[in-house]
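upload-v8.cif follows (mmCIF, C-alpha atoms and all ligand atoms):
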data_coords
#
loop_
_atom_site.group_PDB
_atom_site.id
_atom_site.type_symbol
_atom_site.label_atom_id
_atom_site.label_comp_id
_atom_site.auth_asym_id
_atom_site.auth_seq_id
_atom_site.Cartn_x
_atom_site.Cartn_y
_atom_site.Cartn_z
ATOM 1 C CA MET A 1 -23.063 14.521 -8.335
ATOM 2 C CA GLY A 2 -23.004 15.144 -4.616
ATOM 3 C CA SER A 3 -19.731 16.048 -3.007
ATOM 4 C CA GLY A 4 -20.162 16.136 0.770
ATOM 5 C CA LEU A 5 -20.097 13.106 2.957
ATOM 6 C CA LEU A 6 -23.260 12.346 4.894
ATOM 7 C CA ARG A 7 -23.725 10.730 8.253
ATOM 8 C CA PHE A 8 -25.720 7.533 8.619
ATOM 9 C CA ASP A 9 -28.675 9.377 10.170
ATOM 10 C CA GLN A 10 -28.859 11.633 7.129
ATOM 11 C CA LEU A 11 -29.586 8.700 4.821
ATOM 12 C CA THR A 12 -33.088 7.556 3.934
ATOM 13 C CA GLU A 13 -34.368 4.381 5.503
ATOM 14 C CA LEU A 14 -33.821 2.420 2.300
ATOM 15 C CA GLN A 15 -30.310 3.807 1.930
ATOM 16 C CA GLN A 16 -29.539 2.801 5.521
ATOM 17 C CA VAL A 17 -30.648 -0.782 4.966
ATOM 18 C CA THR A 18 -28.723 -0.936 1.716
ATOM 19 C CA VAL A 19 -25.434 0.325 3.158
ATOM 20 C CA GLN A 20 -25.719 -1.978 6.162
ATOM 21 C CA THR A 21 -26.190 -4.895 3.793
ATOM 22 C CA ALA A 22 -23.162 -3.830 1.750
ATOM 23 C CA LEU A 23 -21.017 -3.520 4.864
ATOM 24 C CA GLU A 24 -21.960 -7.008 5.997
ATOM 25 C CA ALA A 25 -21.257 -8.395 2.529
ATOM 26 C CA ALA A 26 -17.757 -6.886 2.482
ATOM 27 C CA SER A 27 -16.775 -9.123 5.382
ATOM 28 C CA ARG A 28 -17.746 -12.175 3.329
ATOM 29 C CA ALA A 29 -15.696 -11.345 0.251
ATOM 30 C CA TYR A 30 -13.386 -13.965 -1.229
ATOM 31 C CA ALA A 31 -10.423 -11.832 -2.199
ATOM 32 C CA PRO A 32 -7.263 -13.815 -1.390
ATOM 33 C CA TYR A 33 -5.339 -12.413 -4.377
ATOM 34 C CA SER A 34 -6.115 -8.709 -4.377
ATOM 35 C CA LYS A 35 -6.713 -8.470 -0.610
ATOM 36 C CA PHE A 36 -9.324 -5.931 -1.673
ATOM 37 C CA PRO A 37 -12.695 -7.035 -0.301
ATOM 38 C CA VAL A 38 -15.784 -5.320 -1.658
ATOM 39 C CA GLY A 39 -19.363 -5.532 -0.491
ATOM 40 C CA ALA A 40 -22.329 -4.316 -2.476
ATOM 41 C CA ALA A 41 -26.076 -4.230 -2.083
ATOM 42 C CA VAL A 42 -28.913 -3.398 -4.436
ATOM 43 C CA ALA A 43 -32.456 -2.504 -3.423
ATOM 44 C CA THR A 44 -35.752 -2.234 -5.265
ATOM 45 C CA SER A 45 -38.495 0.284 -4.583
ATOM 46 C CA ASP A 46 -40.566 -2.388 -2.854
ATOM 47 C CA GLY A 47 -37.820 -3.023 -0.333
ATOM 48 C CA VAL A 48 -36.145 -6.168 -1.653
ATOM 49 C CA VAL A 49 -32.435 -5.900 -0.838
ATOM 50 C CA ALA A 50 -29.780 -8.289 -2.122
ATOM 51 C CA SER A 51 -26.107 -8.421 -1.293
ATOM 52 C CA GLY A 52 -22.968 -9.331 -3.187
ATOM 53 C CA CYS A 53 -19.274 -9.581 -2.516
ATOM 54 C CA ASN A 54 -16.356 -9.980 -4.853
ATOM 55 C CA VAL A 55 -15.415 -13.577 -5.562
ATOM 56 C CA GLU A 56 -11.931 -13.972 -6.975
ATOM 57 C CA ASN A 57 -10.340 -16.867 -8.799
ATOM 58 C CA ALA A 58 -6.828 -18.185 -9.306
ATOM 59 C CA SER A 59 -7.523 -17.446 -12.957
ATOM 60 C CA TYR A 60 -7.733 -13.735 -12.193
ATOM 61 C CA GLY A 61 -9.908 -12.783 -15.153
ATOM 62 C CA LEU A 62 -12.734 -14.950 -13.865
ATOM 63 C CA SER A 63 -13.122 -12.901 -10.704
ATOM 64 C CA MET A 64 -16.557 -11.411 -10.150
ATOM 65 C CA CYS A 65 -17.232 -7.941 -8.804
ATOM 66 C CA ALA A 66 -19.499 -7.481 -5.800
ATOM 67 C CA GLU A 67 -21.963 -5.312 -7.707
ATOM 68 C CA ARG A 68 -22.649 -7.905 -10.394
ATOM 69 C CA VAL A 69 -22.947 -10.678 -7.809
ATOM 70 C CA ALA A 70 -25.538 -8.524 -6.029
ATOM 71 C CA VAL A 71 -27.566 -8.080 -9.222
ATOM 72 C CA GLY A 72 -27.625 -11.850 -9.706
ATOM 73 C CA ASN A 73 -28.668 -12.371 -6.109
ATOM 74 C CA LEU A 74 -31.437 -9.812 -6.510
ATOM 75 C CA TYR A 75 -32.939 -11.778 -9.384
ATOM 76 C CA ALA A 76 -32.640 -14.963 -7.365
ATOM 77 C CA SER A 77 -34.405 -13.236 -4.445
ATOM 78 C CA CYS A 78 -37.355 -11.809 -6.386
ATOM 79 C CA THR A 79 -40.000 -14.474 -6.808
ATOM 80 C CA SER A 80 -42.657 -12.519 -8.679
ATOM 81 C CA SER A 81 -43.579 -12.643 -12.330
ATOM 82 C CA TRP A 82 -41.940 -15.635 -13.805
ATOM 83 C CA THR A 83 -43.304 -18.341 -16.035
ATOM 84 C CA ALA A 84 -42.129 -21.740 -17.199
ATOM 85 C CA ARG A 85 -40.448 -19.930 -20.066
ATOM 86 C CA GLY A 86 -38.570 -17.620 -17.726
ATOM 87 C CA ARG A 87 -39.014 -14.205 -16.238
ATOM 88 C CA THR A 88 -41.348 -11.812 -17.891
ATOM 89 C CA ASP A 89 -40.403 -8.807 -15.848
ATOM 90 C CA GLN A 90 -37.278 -6.958 -14.887
ATOM 91 C CA VAL A 91 -36.262 -5.780 -11.461
ATOM 92 C CA ARG A 92 -35.897 -2.052 -10.959
ATOM 93 C CA ILE A 93 -33.015 -1.116 -8.698
ATOM 94 C CA VAL A 94 -33.472 2.222 -6.948
ATOM 95 C CA CYS A 95 -30.495 2.136 -4.593
ATOM 96 C CA VAL A 96 -26.995 0.686 -4.871
ATOM 97 C CA ALA A 97 -24.409 0.706 -2.081
ATOM 98 C CA VAL A 98 -20.729 -0.153 -2.417
ATOM 99 C CA CYS A 99 -18.222 -0.630 0.378
ATOM 100 C CA ALA A 100 -14.536 -1.349 -0.174
ATOM 101 C CA PRO A 101 -12.913 -1.159 3.256
ATOM 102 C CA ARG A 102 -9.320 -1.282 1.966
ATOM 103 C CA VAL A 103 -9.742 1.412 -0.674
ATOM 104 C CA ARG A 104 -7.306 4.313 -0.753
ATOM 105 C CA GLY A 105 -8.255 7.855 -1.713
ATOM 106 C CA VAL A 106 -9.321 8.002 -5.353
ATOM 107 C CA GLN A 107 -9.534 10.690 -8.015
ATOM 108 C CA GLY A 108 -7.546 13.149 -6.001
ATOM 109 C CA ASP A 109 -9.889 13.180 -3.043
ATOM 110 C CA SER A 110 -9.361 11.638 0.327
ATOM 111 C CA VAL A 111 -12.857 10.511 1.189
ATOM 112 C CA GLY A 112 -11.940 6.880 0.621
ATOM 113 C CA VAL A 113 -14.892 5.640 -1.384
ATOM 114 C CA CYS A 114 -14.838 3.081 -4.163
ATOM 115 C CA TYR A 115 -16.785 3.624 -7.371
ATOM 116 C CA PRO A 116 -18.102 0.681 -9.424
ATOM 117 C CA CYS A 117 -15.880 -0.359 -12.333
ATOM 118 C CA GLY A 118 -17.018 0.273 -15.892
ATOM 119 C CA ALA A 119 -18.386 -3.225 -16.430
ATOM 120 C CA CYS A 120 -20.521 -3.011 -13.308
ATOM 121 C CA ARG A 121 -21.819 0.429 -14.307
ATOM 122 C CA GLN A 122 -23.135 -1.061 -17.537
ATOM 123 C CA VAL A 123 -24.731 -4.027 -15.764
ATOM 124 C CA LEU A 124 -26.315 -1.807 -13.120
ATOM 125 C CA ALA A 125 -27.655 0.528 -15.820
ATOM 126 C CA GLU A 126 -29.600 -2.357 -17.356
ATOM 127 C CA HIS A 127 -31.498 -3.008 -14.136
ATOM 128 C CA ALA A 128 -31.682 0.403 -12.503
ATOM 129 C CA ALA A 129 -34.526 2.891 -12.484
ATOM 130 C CA PRO A 130 -33.663 6.291 -13.990
ATOM 131 C CA GLU A 131 -33.702 7.845 -10.534
ATOM 132 C CA ALA A 132 -31.493 5.165 -8.941
ATOM 133 C CA GLU A 133 -29.099 6.384 -6.284
ATOM 134 C CA LEU A 134 -25.603 5.217 -5.547
ATOM 135 C CA VAL A 135 -24.338 5.327 -1.974
ATOM 136 C CA LEU A 136 -20.598 4.901 -1.537
ATOM 137 C CA VAL A 137 -19.315 3.967 1.888
ATOM 138 C CA SER A 138 -16.338 5.733 3.425
ATOM 139 C CA LEU A 139 -14.838 4.339 6.597
ATOM 140 C CA HIS A 140 -14.103 7.956 7.491
ATOM 141 C CA THR A 141 -11.634 7.934 10.380
ATOM 142 C CA ASN A 142 -12.232 4.293 11.275
ATOM 143 C CA THR A 143 -10.321 1.182 10.398
ATOM 144 C CA TRP A 144 -12.183 -1.743 8.863
ATOM 145 C CA GLU A 145 -11.687 -3.602 12.124
ATOM 146 C CA ASP A 146 -13.358 -0.744 14.039
ATOM 147 C CA VAL A 147 -16.392 -0.923 11.790
ATOM 148 C CA ALA A 148 -16.614 -4.701 11.503
ATOM 149 C CA ASP A 149 -16.212 -5.236 15.241
ATOM 150 C CA ALA A 150 -18.955 -2.709 15.948
ATOM 151 C CA SER A 151 -21.462 -4.976 14.197
ATOM 152 C CA ALA A 152 -24.816 -3.203 13.841
ATOM 153 C CA SER A 153 -23.431 0.168 14.866
ATOM 154 C CA GLY A 154 -20.560 -0.080 12.402
ATOM 155 C CA ALA A 155 -22.591 1.655 9.721
ATOM 156 C CA GLN A 156 -23.114 4.609 12.039
ATOM 157 C CA ARG A 157 -19.377 5.173 12.232
ATOM 158 C CA CYS A 158 -19.033 5.479 8.458
ATOM 159 C CA ARG A 159 -19.731 8.396 6.142
ATOM 160 C CA TYR A 160 -21.524 8.266 2.816
ATOM 161 C CA LEU A 161 -21.214 9.836 -0.598
ATOM 162 C CA VAL A 162 -24.590 9.835 -2.323
ATOM 163 C CA SER A 163 -24.618 10.136 -6.062
ATOM 164 C CA SER A 164 -26.754 9.271 -9.050
ATOM 165 C CA LEU A 165 -26.131 6.052 -10.921
ATOM 166 C CA GLU A 166 -26.990 7.808 -14.166
ATOM 167 C CA ALA A 167 -24.175 10.296 -13.597
ATOM 168 C CA LEU A 168 -21.628 7.477 -13.620
ATOM 169 C CA LEU A 169 -22.516 6.201 -17.059
ATOM 170 C CA PRO A 170 -24.093 8.812 -19.289
ATOM 171 C CA CYS A 171 -25.187 7.678 -22.762
ATOM 172 C CA SER A 172 -24.992 4.032 -21.747
ATOM 173 C CA PHE A 173 -25.804 1.291 -24.243
ATOM 174 C CA ARG A 174 -29.447 0.366 -23.678
ATOM 175 C CA LYS A 175 -31.622 -2.571 -24.594
ATOM 176 C CA GLU A 176 -33.933 -0.129 -26.372
ATOM 177 C CA GLN A 177 -31.219 0.190 -28.992
ATOM 178 C CA LEU A 178 -31.583 -3.468 -29.928
ATOM 179 C CA PRO A 179 -34.083 -4.481 -32.633
ATOM 180 C CA ILE A 180 -35.513 -7.291 -30.480
ATOM 181 C CA GLY A 181 -39.310 -7.235 -30.506
ATOM 182 C CA ASP A 182 -39.481 -4.560 -33.162
ATOM 183 C CA SER A 183 -40.814 -6.276 -36.286
ATOM 184 C CA LYS A 184 -40.058 -3.225 -38.436
ATOM 185 C CA SER A 185 -36.377 -3.620 -37.647
ATOM 186 C CA VAL A 186 -36.189 -7.261 -38.720
ATOM 187 C CA PRO A 187 -34.847 -7.637 -42.243
ATOM 188 C CA PRO A 188 -37.366 -9.226 -44.637
ATOM 189 C CA ALA A 189 -36.933 -12.910 -45.432
ATOM 190 C CA PRO A 190 -35.107 -13.534 -48.727
ATOM 191 C CA ASP A 191 -37.424 -14.071 -51.687
ATOM 192 C CA ASN A 192 -36.405 -17.370 -53.317
ATOM 193 C CA THR A 193 -39.221 -17.605 -55.851
HETATM 194 ZN ZN ZN B 1 -17.039 -4.173 -11.239
#
Starting from the file, lay out its structure as structure tokens.
Amino acid sequence: MGSGLLRFDQLTELQQVTVQTALEAASRAYAPYSKFPVGAAVATSDGVVASGCNVENASYGLSMCAERVAVGNLYASCTSSWTARGRTDQVRIVCVAVCAPRVRGVQGDSVGVCYPCGACRQVLAEHAAPEAELVLVSLHTNTWEDVADASASGAQRCRYLVSSLEALLPCSFRKEQLPIGDSKSVPPAPDNT
């Protein structure tokens, strides 16, 4: 996992678009209870980018994380390969960005980035390519107001921690472990004769 923070101009073009989308999404979060807005964005290799923000609820347990909202929005944005019976394909996320402007230093560091929670790591793993990258946004020396007020140039004021999604959830539970579609794994029908 990478350790140093990168500048905006050190990111790839796809990473830049993804972090900008996440930053914009953070300003749309509905987080009246935690006061902890989060923006996320997910991107596919063919350049489809979808955003998500956390959406809280008075029944706290029903709150949705930004990352999972983004995955849902990505499916709603991709129009290819579906039939009357439903989708036949699966999106392949190659880049994920997460921005939590109110986050404090975590895990003993002071870079001020926010990692996805465990539930979101599992959901992202289902839809991510093996080489998928995770880009975590640090406000660096700026306040959220500095970044948000700067609009398009706000992303250039931030710093970025680039990591691998795989590194966050090794040995994840995978759909390949399910017997679905594998006729050899289906128990034989009971013989009632
Ligand atoms: Zn989460």
Dump the neighbourhood of ligand ZN 1 (chain B) as an mmCIF file with C-alpha atoms, in the frame of the given file: all residues within 6 Å, distances computed on all atoms listed in the file.
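New file part_9.cif:
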data_model
loop_
_atom_site.group_PDB
_atom_site.id
_atom_site.type_symbol
_atom_site.label_atom_id
_atom_site.label_comp_id
_atom_site.auth_asym_id
_atom_site.auth_seq_id
_atom_site.Cartn_x
_atom_site.Cartn_y
_atom_site.Cartn_z
ATOM 1 C CA CYS A 65 -17.232 -7.941 -8.804
ATOM 2 C CA PRO A 116 -18.102 0.681 -9.424
ATOM 3 C CA CYS A 117 -15.880 -0.359 -12.333
ATOM 4 C CA ALA A 119 -18.386 -3.225 -16.430
ATOM 5 C CA CYS A 120 -20.521 -3.011 -13.308
#
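The list of residues within 10 Å of (-30.2, -0.7, 3.8), counted using all atoms listed in the file, is Leu11, Thr12, Glu13, Leu14, Gln15, Gln16, Val17, Thr18, Val19, Gln20, Thr21, Ala22, Leu23, Ala41, Val42, Ala43, Gly47, Val48, Val49, Ala50, Cys95, Val96, Ala97 and Ala155 of chain A.
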Would you mind exporting the chosen residues as a PDB file, in the coordinates of the input, restricted to C-alpha atoms?
ATOM      1  CA  LEU A  11     -29.586   8.700   4.821  1.00  0.00           C
ATOM      2  CA  THR A  12     -33.088   7.556   3.934  1.00  0.00           C
ATOM      3  CA  GLU A  13     -34.368   4.381   5.503  1.00  0.00           C
ATOM      4  CA  LEU A  14     -33.821   2.420   2.300  1.00  0.00           C
ATOM      5  CA  GLN A  15     -30.310   3.807   1.930  1.00  0.00           C
ATOM      6  CA  GLN A  16     -29.539   2.801   5.521  1.00  0.00           C
ATOM      7  CA  VAL A  17     -30.648  -0.782   4.966  1.00  0.00           C
ATOM      8  CA  THR A  18     -28.723  -0.936   1.716  1.00  0.00           C
ATOM      9  CA  VAL A  19     -25.434   0.325   3.158  1.00  0.00           C
ATOM     10  CA  GLN A  20     -25.719  -1.978   6.162  1.00  0.00           C
ATOM     11  CA  THR A  21     -26.190  -4.895   3.793  1.00  0.00           C
ATOM     12  CA  ALA A  22     -23.162  -3.830   1.750  1.00  0.00           C
ATOM     13  CA  LEU A  23     -21.017  -3.520   4.864  1.00  0.00           C
ATOM     14  CA  ALA A  41     -26.076  -4.230  -2.083  1.00  0.00           C
ATOM     15  CA  VAL A  42     -28.913  -3.398  -4.436  1.00  0.00           C
ATOM     16  CA  ALA A  43     -32.456  -2.504  -3.423  1.00  0.00           C
ATOM     17  CA  GLY A  47     -37.820  -3.023  -0.333  1.00  0.00           C
ATOM     18  CA  VAL A  48     -36.145  -6.168  -1.653  1.00  0.00           C
ATOM     19  CA  VAL A  49     -32.435  -5.900  -0.838  1.00  0.00           C
ATOM     20  CA  ALA A  50     -29.780  -8.289  -2.122  1.00  0.00           C
ATOM     21  CA  CYS A  95     -30.495   2.136  -4.593  1.00  0.00           C
ATOM     22  CA  VAL A  96     -26.995   0.686  -4.871  1.00  0.00           C
ATOM     23  CA  ALA A  97     -24.409   0.706  -2.081  1.00  0.00           C
ATOM     24  CA  ALA A 155     -22.591   1.655   9.721  1.00  0.00           C
TER      25      ALA A 155
END
Quick one: residues within 9 Å of (-40.0, -1.1, -8.7) (file frame), counting only C-alpha atoms, please, as a PDB file with C-alpha atoms, keeping the file's coordinate frame.
ATOM      1  CA  THR A  44     -35.752  -2.234  -5.265  1.00  0.00           C
ATOM      2  CA  SER A  45     -38.495   0.284  -4.583  1.00  0.00           C
ATOM      3  CA  ASP A  46     -40.566  -2.388  -2.854  1.00  0.00           C
ATOM      4  CA  GLY A  47     -37.820  -3.023  -0.333  1.00  0.00           C
ATOM      5  CA  GLN A  90     -37.278  -6.958 -14.887  1.00  0.00           C
ATOM      6  CA  VAL A  91     -36.262  -5.780 -11.461  1.00  0.00           C
ATOM      7  CA  ARG A  92     -35.897  -2.052 -10.959  1.00  0.00           C
ATOM      8  CA  ILE A  93     -33.015  -1.116  -8.698  1.00  0.00           C
ATOM      9  CA  VAL A  94     -33.472   2.222  -6.948  1.00  0.00           C
ATOM     10  CA  ALA A 129     -34.526   2.891 -12.484  1.00  0.00           C
TER      11      ALA A 129
END
- Task: Apply the PyMOL selection byres (((chain A and resi 159) around 10) and not hetatm) to the file shown and report the selected residues as a PyMOL selection string.
- Result: chain A and resi 4-11+111-113+135-142+155-158+160-162
Written file, previous selection with C-alpha atoms, as a PDB file, in the frame of the given file:
ATOM      1  CA  GLY A   4     -20.162  16.136   0.770  1.00  0.00           C
ATOM      2  CA  LEU A   5     -20.097  13.106   2.957  1.00  0.00           C
ATOM      3  CA  LEU A   6     -23.260  12.346   4.894  1.00  0.00           C
ATOM      4  CA  ARG A   7     -23.725  10.730   8.253  1.00  0.00           C
ATOM      5  CA  PHE A   8     -25.720   7.533   8.619  1.00  0.00           C
ATOM      6  CA  ASP A   9     -28.675   9.377  10.170  1.00  0.00           C
ATOM      7  CA  GLN A  10     -28.859  11.633   7.129  1.00  0.00           C
ATOM      8  CA  LEU A  11     -29.586   8.700   4.821  1.00  0.00           C
ATOM      9  CA  VAL A 111     -12.857  10.511   1.189  1.00  0.00           C
ATOM     10  CA  GLY A 112     -11.940   6.880   0.621  1.00  0.00           C
ATOM     11  CA  VAL A 113     -14.892   5.640  -1.384  1.00  0.00           C
ATOM     12  CA  VAL A 135     -24.338   5.327  -1.974  1.00  0.00           C
ATOM     13  CA  LEU A 136     -20.598   4.901  -1.537  1.00  0.00           C
ATOM     14  CA  VAL A 137     -19.315   3.967   1.888  1.00  0.00           C
ATOM     15  CA  SER A 138     -16.338   5.733   3.425  1.00  0.00           C
ATOM     16  CA  LEU A 139     -14.838   4.339   6.597  1.00  0.00           C
ATOM     17  CA  HIS A 140     -14.103   7.956   7.491  1.00  0.00           C
ATOM     18  CA  THR A 141     -11.634   7.934  10.380  1.00  0.00           C
ATOM     19  CA  ASN A 142     -12.232   4.293  11.275  1.00  0.00           C
ATOM     20  CA  ALA A 155     -22.591   1.655   9.721  1.00  0.00           C
ATOM     21  CA  GLN A 156     -23.114   4.609  12.039  1.00  0.00           C
ATOM     22  CA  ARG A 157     -19.377   5.173  12.232  1.00  0.00           C
ATOM     23  CA  CYS A 158     -19.033   5.479   8.458  1.00  0.00           C
ATOM     24  CA  TYR A 160     -21.524   8.266   2.816  1.00  0.00           C
ATOM     25  CA  LEU A 161     -21.214   9.836  -0.598  1.00  0.00           C
ATOM     26  CA  VAL A 162     -24.590   9.835  -2.323  1.00  0.00           C
TER      27      VAL A 162
END
- Do you know which residues the PyMOL selection byres (((chain A and resi 57) around 12) and not hetatm) returns on this file, as an MDAnalysis selection string? chainID A and resid 29:34 54:56 58:65
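Of note, CA of Arg174 in chain A and CA of Pro130 in chain A are spaced 12.1 Å apart.
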- Query: Between A:Arg68, A:Phe36, A:Gly52, A:Leu169, which one has atoms that come closest to Arg104 in chain A, using only C-alpha atoms?
  - Reply: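 That would be A:Phe36, the residue with the smallest distance to Arg104 in chain A.
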- Message: One number please: CA of Asn73 in chain A to CA of Cys114 in chain A, in Å, one decimal.
- Response: 20.8 Å
- Item | Å distance separating CA of Cys99 in chain A from CA of Tyr75 in chain A, one decimal place |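 Atom-to-atom, CA of Cys99 in chain A to CA of Tyr75 in chain A, that is 20.9 Å.
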- Find the residues near Thr143 in chain A: any atom within 10 Å, counting all atoms listed in the file, skip ones fewer than 4 places away on the same chain, and give them as a PyMOL selection string. chain A and resi 101-102+139+147-149+158
Written file, previous selection with C-alpha atoms, as a compact mmCIF listing (two decimals), in the coordinates of the input:
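File written: part.txt
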# COMPACT_ATOMS: atom_id res chain seq x y z
CA PRO A 101 -12.91 -1.16 3.26
CA ARG A 102 -9.32 -1.28 1.97
CA LEU A 139 -14.84 4.34 6.60
CA VAL A 147 -16.39 -0.92 11.79
CA ALA A 148 -16.61 -4.70 11.50
CA ASP A 149 -16.21 -5.24 15.24
CA CYS A 158 -19.03 5.48 8.46
